[in-house]
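For reference, the structure discussed in these notes is given below.
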Amino acid sequence: MVKYRIAVIPGDGVGREVIPAAWEVLTAAAEAHGGFELSPTYYDWGCGYYLKTGRMMPDDGLDRLRDSDAIFLGAIGDPAVPDHVSLWGLLLPIRQSFDLYVNLRPVRLLRGVRSPLAGREPGSIDMVCVRENTEGEYCGVGGRVHRGFDFEVAVQADVFTRKGVERVVRYAFELARQRRRKLASITKSNAFQYSMPFWDEVTGAVGRAYPDVEVWRVLVDAAAYYFVLKPEAFDVVVGSNLFMDILTDLAAAITGGLGLAASANLDPEGRFPGLFEPVHGSAPDIAGRGIANPTGAIWAGALMLEHLGQKAAADAVMGALEEVLAAEKIRTPDLGGRNTTSEFAAEVARVLKAKG
Ligand code: NAD
Ligand code: IPM
Ligand code: MN
């Protein structure tokens with residue numbers, strides 16, 4: 001029996017609600033499929049830990065995570081802690097230190113979910129966003145000088161490296177080859193005269209090895225416009241850290257909301273454990289009421305199973321998830337229902353077990 005060591009970090013707010021719910025579904029999948037076991041190690045790191053210790057995770061936190069097969073994370077953030085402190089104390093260091101350079105965000109309008117866009121049928125929106133995840137606008141380079149004076153200066157640098165762009169773009173081309181062979185590369189090469197033309201050049205060079213993939217260069221502002229007006233035009237979408245952060249919230253909005261969006265932070269070279277998480281944050285506006293939609297966390301769990309090599313179990317999770325959504329009987333308030341996070345997840349687990 002293969003045993004996967006999963007580092008589980010529920011984090012803050014609704015993270016603490018959606019992770020246990022999703023975990024129930026994942027263990028049901030492991031039981032139903034046999035042949036593997038998920039062995040969790042829980043880490044109570046996050047803003048609660050910070051308020052007690054002054055740190056978001058212990059000094060040796062990254063070392064403790066390093067040997068796991070995957071990391072399953074809820075969300076980080078609490079109104080009592082500045083967001084840049086909480087995120088740079090936990091989530092962003094994991095992504096950067098483990099060189100998780102691909103942030104993969106599948107975007108699909110699932111059965112039973114209505115898009116706020118008129119006339120969109122399930123399946124009509126079907127893209128995969130590939131977000132550069134270790135550099136660009138979120139490289140963390142910068143500083144503040146003359147603090148407190150009226151001539152104070154803040155500098156936040158963008159860093160784009162040839163290798164950094166090449167590897168993420170190549171990943172996106174490979175993915176496009178397995179799909180509809182269309183790649184949208186998101187830039188802003190009009191206003192950014194250094195970083196984005198560089199991105200375009202590198203994309204052009206990498207693309208020479210993929211003549212079968214049609215490349216569509218889209219400025220990020222226009223991309224936001226097309227995501228709303230013709231989302232079906234997108235297949236694989238690749239872009240920088242900031243642009244894809246924003247576009248994937250928009251992508252979530254057109255496919256039913258942030259509660260449904262999932263994300264996999266990957267090191268395609270397999271040196272470090274992947275980090276799997278819903279796209280949403282800690283949602284302080286609804287936290288503590290047990291009504292968060294666990295779909296994004298469950299979907300992230302399915303991405304984790306797939307990445308671990310358990311494709312059949314991952315498909316079973318997605319099948320059961322879509323079946324419960326499509327039945328439109330048990331659903332959380334964001335989808336117009338009255339059920340709780342755990343009722344929804346329990347139903348997904350039940351359907352999964354019933355199908356075997
Ligand atoms: P958010 O994603 O937490 O919430 C945005 C909106 O989506 C809110 O209306 C919220 O109620 C709704 N929403 C989010 N998750 C939901 C779910 N599972 N079911 C139903 N509705 C859901 O974004 P925000 O309000 O901008 O940020 C809140 C905190 O989370 C901040 O501290 C921020 O820094 C942090 N954050 C963390 C992550 C992460 O850990 N990956 C991601 C985004 C934001
Ligand atoms: C996300 C989040 C994070 C990001 C924040 C919380 C730092 O918004 O995963 O999309 O921008 O990467
Ligand atoms: Mn985001």
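Letters A, B, ... go to the chains of the structure tokens in the order shown; residues in each chain start at 1; ligands are counted from 1 in the same order.
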task: Could you give me, as a PyMOL selection string, each residue of stretch 9-226 of chain A that DSSP assigns to strand (DSSP E) when run on this structure's backbone?
output: chain A and resi 9-11+36-42+70-75+102-108+126-132+142-145+153-156+182-187+214-219
- Message: Which residues are near ligand 2 in this structure, taking near to mean any atom at most 7 Å from a ligand atom and counting only C-alpha atoms and all ligand atoms? Format them as a list in words.
- Response: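 Counting only what the definition allows, namely only C-alpha atoms and all ligand atoms, the set is Ile76, Leu87, Leu92, Leu242, Asp245, Val279, His280 and Gly281 of chain A.
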I'd like the contact shell of stretch 300-314 of chain A - 7 Å cut-off, only C-alpha atoms, skipping same-chain residues fewer than 3 positions apart - returned as JSON, numbers by chain. {"A": [22, 26, 29, 30, 33, 262, 263, 264, 276, 277, 278, 296, 297, 317, 318]}
Could you list, as number ranges by chain, all the residues within 7 Å of ligand 1, counting only C-alpha atoms and all ligand atoms? A: 14, 18, 74-79, 83, 87, 91, 258-260, 277-286, 291-294, 296, 334
Expected file: the selected residues, N, CA, C and O atoms, as a tab-separated table (two decimals), in the first residue's frame:
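File produced: part04.tsv:
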```tsv
chain	number	residue	atom	x	y	z
A	14	VAL	N	-11.94	30.72	6.69
A	14	VAL	CA	-12.64	29.58	6.08
A	14	VAL	C	-11.69	28.45	5.68
A	14	VAL	O	-12.15	27.34	5.40
A	18	VAL	N	-12.97	24.66	5.13
A	18	VAL	CA	-12.98	23.91	3.86
A	18	VAL	C	-11.97	22.76	3.85
A	18	VAL	O	-12.20	21.75	3.17
A	74	GLY	N	-5.29	25.63	3.30
A	74	GLY	CA	-6.60	26.29	3.22
A	74	GLY	C	-6.47	27.72	2.75
A	74	GLY	O	-6.58	28.02	1.55
A	75	ALA	N	-6.23	28.63	3.65
A	75	ALA	CA	-6.06	30.04	3.30
A	75	ALA	C	-5.35	30.73	4.44
A	75	ALA	O	-5.42	30.30	5.59
A	76	ILE	N	-4.69	31.82	4.10
A	76	ILE	CA	-3.95	32.59	5.09
A	76	ILE	C	-4.50	34.00	5.10
A	76	ILE	O	-4.75	34.58	4.04
A	77	GLY	N	-4.66	34.57	6.28
A	77	GLY	CA	-5.08	35.97	6.36
A	77	GLY	C	-6.08	36.17	7.49
A	77	GLY	O	-7.00	35.38	7.67
A	78	ASP	N	-5.83	37.25	8.25
A	78	ASP	CA	-6.74	37.58	9.34
A	78	ASP	C	-6.67	39.09	9.51
A	78	ASP	O	-5.58	39.67	9.46
A	79	PRO	N	-7.82	39.72	9.72
A	79	PRO	CA	-7.81	41.18	9.86
A	79	PRO	C	-6.88	41.67	10.98
A	79	PRO	O	-6.45	42.83	10.95
A	83	ASP	N	-1.77	41.93	5.98
A	83	ASP	CA	-1.72	40.86	4.97
A	83	ASP	C	-0.31	40.59	4.43
A	83	ASP	O	0.04	39.44	4.17
A	87	LEU	N	1.16	36.82	4.58
A	87	LEU	CA	1.44	36.09	3.34
A	87	LEU	C	2.94	35.90	3.11
A	87	LEU	O	3.37	34.84	2.65
A	91	LEU	N	2.73	31.58	3.08
A	91	LEU	CA	2.39	31.07	1.75
A	91	LEU	C	3.45	31.39	0.70
A	91	LEU	O	3.92	30.52	-0.05
A	258	LEU	N	-15.56	32.43	-6.23
A	258	LEU	CA	-14.27	32.06	-5.64
A	258	LEU	C	-14.34	30.77	-4.83
A	258	LEU	O	-13.33	30.08	-4.68
A	259	GLY	N	-15.50	30.44	-4.34
A	259	GLY	CA	-15.62	29.21	-3.56
A	259	GLY	C	-15.36	27.96	-4.38
A	259	GLY	O	-15.18	26.86	-3.83
A	260	LEU	N	-15.34	28.09	-5.71
A	260	LEU	CA	-15.20	26.91	-6.57
A	260	LEU	C	-13.82	26.77	-7.21
A	260	LEU	O	-13.55	25.75	-7.84
A	277	GLU	N	-4.21	24.18	-3.06
A	277	GLU	CA	-5.02	25.09	-2.25
A	277	GLU	C	-6.18	25.63	-3.09
A	277	GLU	O	-6.07	25.72	-4.31
A	278	PRO	N	-7.27	26.01	-2.42
A	278	PRO	CA	-8.28	26.75	-3.17
A	278	PRO	C	-7.71	28.13	-3.53
A	278	PRO	O	-6.77	28.59	-2.89
A	279	VAL	N	-8.29	28.77	-4.53
A	279	VAL	CA	-7.80	30.09	-4.95
A	279	VAL	C	-8.20	31.17	-3.93
A	279	VAL	O	-7.49	32.15	-3.73
A	280	HIS	N	-9.32	30.93	-3.26
A	280	HIS	CA	-9.85	31.98	-2.38
A	280	HIS	C	-9.00	32.20	-1.13
A	280	HIS	O	-8.15	31.38	-0.79
A	281	GLY	N	-9.28	33.31	-0.45
A	281	GLY	CA	-8.60	33.63	0.79
A	281	GLY	C	-9.40	33.17	2.00
A	281	GLY	O	-10.25	32.26	1.90
A	282	SER	N	-9.12	33.80	3.12
A	282	SER	CA	-9.71	33.34	4.39
A	282	SER	C	-11.14	33.84	4.58
A	282	SER	O	-11.80	33.48	5.55
A	283	ALA	N	-11.63	34.65	3.65
A	283	ALA	CA	-13.02	35.13	3.64
A	283	ALA	C	-13.54	35.51	5.02
A	283	ALA	O	-14.51	34.94	5.52
A	284	PRO	N	-12.93	36.52	5.65
A	284	PRO	CA	-13.36	36.90	7.00
A	284	PRO	C	-14.84	37.29	7.07
A	284	PRO	O	-15.46	37.16	8.13
A	285	ASP	N	-15.40	37.69	5.92
A	285	ASP	CA	-16.82	38.11	5.94
A	285	ASP	C	-17.77	36.95	6.20
A	285	ASP	O	-18.90	37.16	6.66
A	286	ILE	N	-17.34	35.72	5.90
A	286	ILE	CA	-18.24	34.57	6.15
A	286	ILE	C	-17.62	33.53	7.09
A	286	ILE	O	-18.27	32.54	7.42
A	291	ILE	N	-20.36	28.04	6.36
A	291	ILE	CA	-21.12	28.10	5.10
A	291	ILE	C	-20.22	28.28	3.87
A	291	ILE	O	-20.72	28.45	2.75
A	292	ALA	N	-18.91	28.23	4.08
A	292	ALA	CA	-18.01	28.39	2.92
A	292	ALA	C	-18.19	27.22	1.97
A	292	ALA	O	-18.41	26.08	2.40
A	293	ASN	N	-18.07	27.50	0.70
A	293	ASN	CA	-18.15	26.43	-0.29
A	293	ASN	C	-16.81	25.68	-0.32
A	293	ASN	O	-15.77	26.29	-0.58
A	294	PRO	N	-16.83	24.37	-0.07
A	294	PRO	CA	-15.56	23.63	-0.08
A	294	PRO	C	-15.16	23.12	-1.46
A	294	PRO	O	-14.18	22.39	-1.60
A	296	GLY	N	-13.74	24.50	-4.10
A	296	GLY	CA	-12.37	24.83	-4.53
A	296	GLY	C	-11.34	23.97	-3.81
A	296	GLY	O	-10.36	23.51	-4.41
A	334	ASP	N	-23.47	30.49	-1.26
A	334	ASP	CA	-22.92	31.23	-2.42
A	334	ASP	C	-23.53	30.74	-3.72
A	334	ASP	O	-23.56	31.48	-4.71
```
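Distances from A:Val218, A:Leu183, A:Asn103, A:Glu343 to ligand 3 were compared using only C-alpha atoms and all ligand atoms, and the smallest one belongs to A:Asn103.
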Using only C-alpha atoms and all ligand atoms for the distances, tell me which of A:Arg144, A:Lys52, A:Arg181, A:Arg131 is nearest to ligand 3.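 Between A:Arg144, A:Lys52, A:Arg181, A:Arg131, the residue approaching ligand 3 most closely is A:Arg131.
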Residues of stretch 24-83 of chain A in alpha helix (DSSP H), written as a PDB file with N, CA and C atoms, in the first residue's frame:
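Written output follows (out_1.pdb):
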```pdb
ATOM      1  N   GLU A  24     -12.295  14.973   4.138  1.00  0.00           N
ATOM      2  CA  GLU A  24     -13.255  13.859   4.232  1.00  0.00           C
ATOM      3  C   GLU A  24     -13.477  13.231   2.845  1.00  0.00           C
ATOM      4  N   VAL A  25     -13.569  14.091   1.835  1.00  0.00           N
ATOM      5  CA  VAL A  25     -13.778  13.585   0.466  1.00  0.00           C
ATOM      6  C   VAL A  25     -12.534  12.834  -0.021  1.00  0.00           C
ATOM      7  N   LEU A  26     -11.367  13.387   0.282  1.00  0.00           N
ATOM      8  CA  LEU A  26     -10.129  12.752  -0.200  1.00  0.00           C
ATOM      9  C   LEU A  26      -9.910  11.389   0.444  1.00  0.00           C
ATOM     10  N   THR A  27     -10.222  11.290   1.726  1.00  0.00           N
ATOM     11  CA  THR A  27     -10.043   9.978   2.380  1.00  0.00           C
ATOM     12  C   THR A  27     -11.087   8.985   1.869  1.00  0.00           C
ATOM     13  N   ALA A  28     -12.285   9.490   1.551  1.00  0.00           N
ATOM     14  CA  ALA A  28     -13.300   8.606   0.951  1.00  0.00           C
ATOM     15  C   ALA A  28     -12.785   8.082  -0.389  1.00  0.00           C
ATOM     16  N   ALA A  29     -12.108   8.941  -1.147  1.00  0.00           N
ATOM     17  CA  ALA A  29     -11.567   8.516  -2.445  1.00  0.00           C
ATOM     18  C   ALA A  29     -10.479   7.477  -2.256  1.00  0.00           C
ATOM     19  N   ALA A  30      -9.642   7.689  -1.233  1.00  0.00           N
ATOM     20  CA  ALA A  30      -8.555   6.724  -0.981  1.00  0.00           C
ATOM     21  C   ALA A  30      -9.149   5.370  -0.603  1.00  0.00           C
ATOM     22  N   GLU A  31     -10.184   5.395   0.244  1.00  0.00           N
ATOM     23  CA  GLU A  31     -10.822   4.129   0.655  1.00  0.00           C
ATOM     24  C   GLU A  31     -11.491   3.441  -0.525  1.00  0.00           C
ATOM     25  N   ALA A  32     -12.235   4.238  -1.295  1.00  0.00           N
ATOM     26  CA  ALA A  32     -12.986   3.644  -2.404  1.00  0.00           C
ATOM     27  C   ALA A  32     -12.046   3.048  -3.448  1.00  0.00           C
ATOM     28  N   HIS A  33     -10.893   3.674  -3.641  1.00  0.00           N
ATOM     29  CA  HIS A  33     -10.014   3.216  -4.715  1.00  0.00           C
ATOM     30  C   HIS A  33      -8.973   2.222  -4.273  1.00  0.00           C
ATOM     31  N   CYS A  47      -2.277  32.880  11.159  1.00  0.00           N
ATOM     32  CA  CYS A  47      -2.360  34.123  11.940  1.00  0.00           C
ATOM     33  C   CYS A  47      -2.580  33.859  13.430  1.00  0.00           C
ATOM     34  N   GLY A  48      -3.278  32.801  13.769  1.00  0.00           N
ATOM     35  CA  GLY A  48      -3.465  32.450  15.184  1.00  0.00           C
ATOM     36  C   GLY A  48      -2.104  32.159  15.808  1.00  0.00           C
ATOM     37  N   TYR A  49      -1.299  31.389  15.106  1.00  0.00           N
ATOM     38  CA  TYR A  49       0.049  31.037  15.554  1.00  0.00           C
ATOM     39  C   TYR A  49       0.905  32.305  15.675  1.00  0.00           C
ATOM     40  N   TYR A  50       0.722  33.218  14.726  1.00  0.00           N
ATOM     41  CA  TYR A  50       1.481  34.475  14.724  1.00  0.00           C
ATOM     42  C   TYR A  50       1.141  35.319  15.953  1.00  0.00           C
ATOM     43  N   LEU A  51      -0.148  35.377  16.259  1.00  0.00           N
ATOM     44  CA  LEU A  51      -0.552  36.225  17.381  1.00  0.00           C
ATOM     45  C   LEU A  51      -0.011  35.664  18.709  1.00  0.00           C
ATOM     46  N   LYS A  52       0.247  34.349  18.738  1.00  0.00           N
ATOM     47  CA  LYS A  52       0.829  33.739  19.940  1.00  0.00           C
ATOM     48  C   LYS A  52       2.355  33.816  19.953  1.00  0.00           C
ATOM     49  N   THR A  53       2.979  33.664  18.773  1.00  0.00           N
ATOM     50  CA  THR A  53       4.439  33.474  18.752  1.00  0.00           C
ATOM     51  C   THR A  53       5.207  34.586  18.043  1.00  0.00           C
ATOM     52  N   GLY A  61      10.117  25.665   9.771  1.00  0.00           N
ATOM     53  CA  GLY A  61       8.863  25.292   9.112  1.00  0.00           C
ATOM     54  C   GLY A  61       9.056  24.687   7.727  1.00  0.00           C
ATOM     55  N   LEU A  62       9.876  25.355   6.911  1.00  0.00           N
ATOM     56  CA  LEU A  62      10.056  24.867   5.535  1.00  0.00           C
ATOM     57  C   LEU A  62      10.714  23.490   5.542  1.00  0.00           C
ATOM     58  N   ASP A  63      11.662  23.288   6.479  1.00  0.00           N
ATOM     59  CA  ASP A  63      12.320  21.971   6.555  1.00  0.00           C
ATOM     60  C   ASP A  63      11.326  20.878   6.927  1.00  0.00           C
ATOM     61  N   ARG A  64      10.385  21.240   7.769  1.00  0.00           N
ATOM     62  CA  ARG A  64       9.394  20.225   8.164  1.00  0.00           C
ATOM     63  C   ARG A  64       8.496  19.831   6.998  1.00  0.00           C
ATOM     64  N   LEU A  65       8.260  20.790   6.101  1.00  0.00           N
ATOM     65  CA  LEU A  65       7.376  20.504   4.961  1.00  0.00           C
ATOM     66  C   LEU A  65       8.085  19.754   3.836  1.00  0.00           C
ATOM     67  N   ARG A  66       9.391  19.957   3.777  1.00  0.00           N
ATOM     68  CA  ARG A  66      10.191  19.513   2.628  1.00  0.00           C
ATOM     69  C   ARG A  66      10.034  18.037   2.284  1.00  0.00           C
ATOM     70  N   ASP A  83      -1.768  41.926   5.976  1.00  0.00           N
ATOM     71  CA  ASP A  83      -1.724  40.860   4.966  1.00  0.00           C
ATOM     72  C   ASP A  83      -0.311  40.590   4.434  1.00  0.00           C
TER      73      ASP A  83
END
```
Exercise. Smallest atom-to-atom distance to A:Gln96: which of A:Asp267, A:Glu201, A:Asp60, A:Glu328, using only C-alpha atoms?
Worked result: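 Comparing A:Asp267, A:Glu201, A:Asp60, A:Glu328 against A:Gln96, the winner is A:Asp267.
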One decimal place gives the atom CA of A:Phe72-atom CA of A:Arg114 separation as 27.7 Å
Non-local contacts of A:Gly290 (8 Å; only C-alpha atoms; under 4 positions in same chain excluded) as a PDB file with C-alpha atoms, in the first residue's frame:
```pdb
ATOM      1  CA  VAL A  14     -12.639  29.583   6.080  1.00  0.00           C
ATOM      2  CA  GLU A  17     -13.611  24.973   7.450  1.00  0.00           C
ATOM      3  CA  THR A 340     -23.291  23.956   5.307  1.00  0.00           C
ATOM      4  CA  THR A 341     -19.723  23.296   4.242  1.00  0.00           C
ATOM      5  CA  SER A 342     -19.717  19.907   5.934  1.00  0.00           C
TER       6      SER A 342
END
```
Between A:Ser86, A:Thr187, A:Thr248, A:Thr161, smallest distance to A:Arg108 by only C-alpha atoms belongs to A:Thr248
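Proximity to ligand 3 was assessed for A:Asp249, A:Glu323, A:Asp59, A:Glu347 counting only C-alpha atoms and all ligand atoms; the smallest distance is recorded for A:Asp249.
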Atom CA of A:Gln156 sits from atom CA of A:Ala224 at a separation of 23.8 Å
Do you know which residues are at most 10 Å from A:Arg217 counting only C-alpha atoms, after dropping those on the same chain fewer than 2 positions away, and could you put them as a PyMOL selection string?
-> chain A and resi 183-189+200+203+214-215+219-220+223+237-238
* Asked: Which residue, A:Arg338, A:Arg162, A:Lys355, A:Arg331, has the smallest gap to A:Gly136 when you use only C-alpha atoms?
  ->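 Of the candidates, the smallest distance to A:Gly136 is held by A:Arg162.
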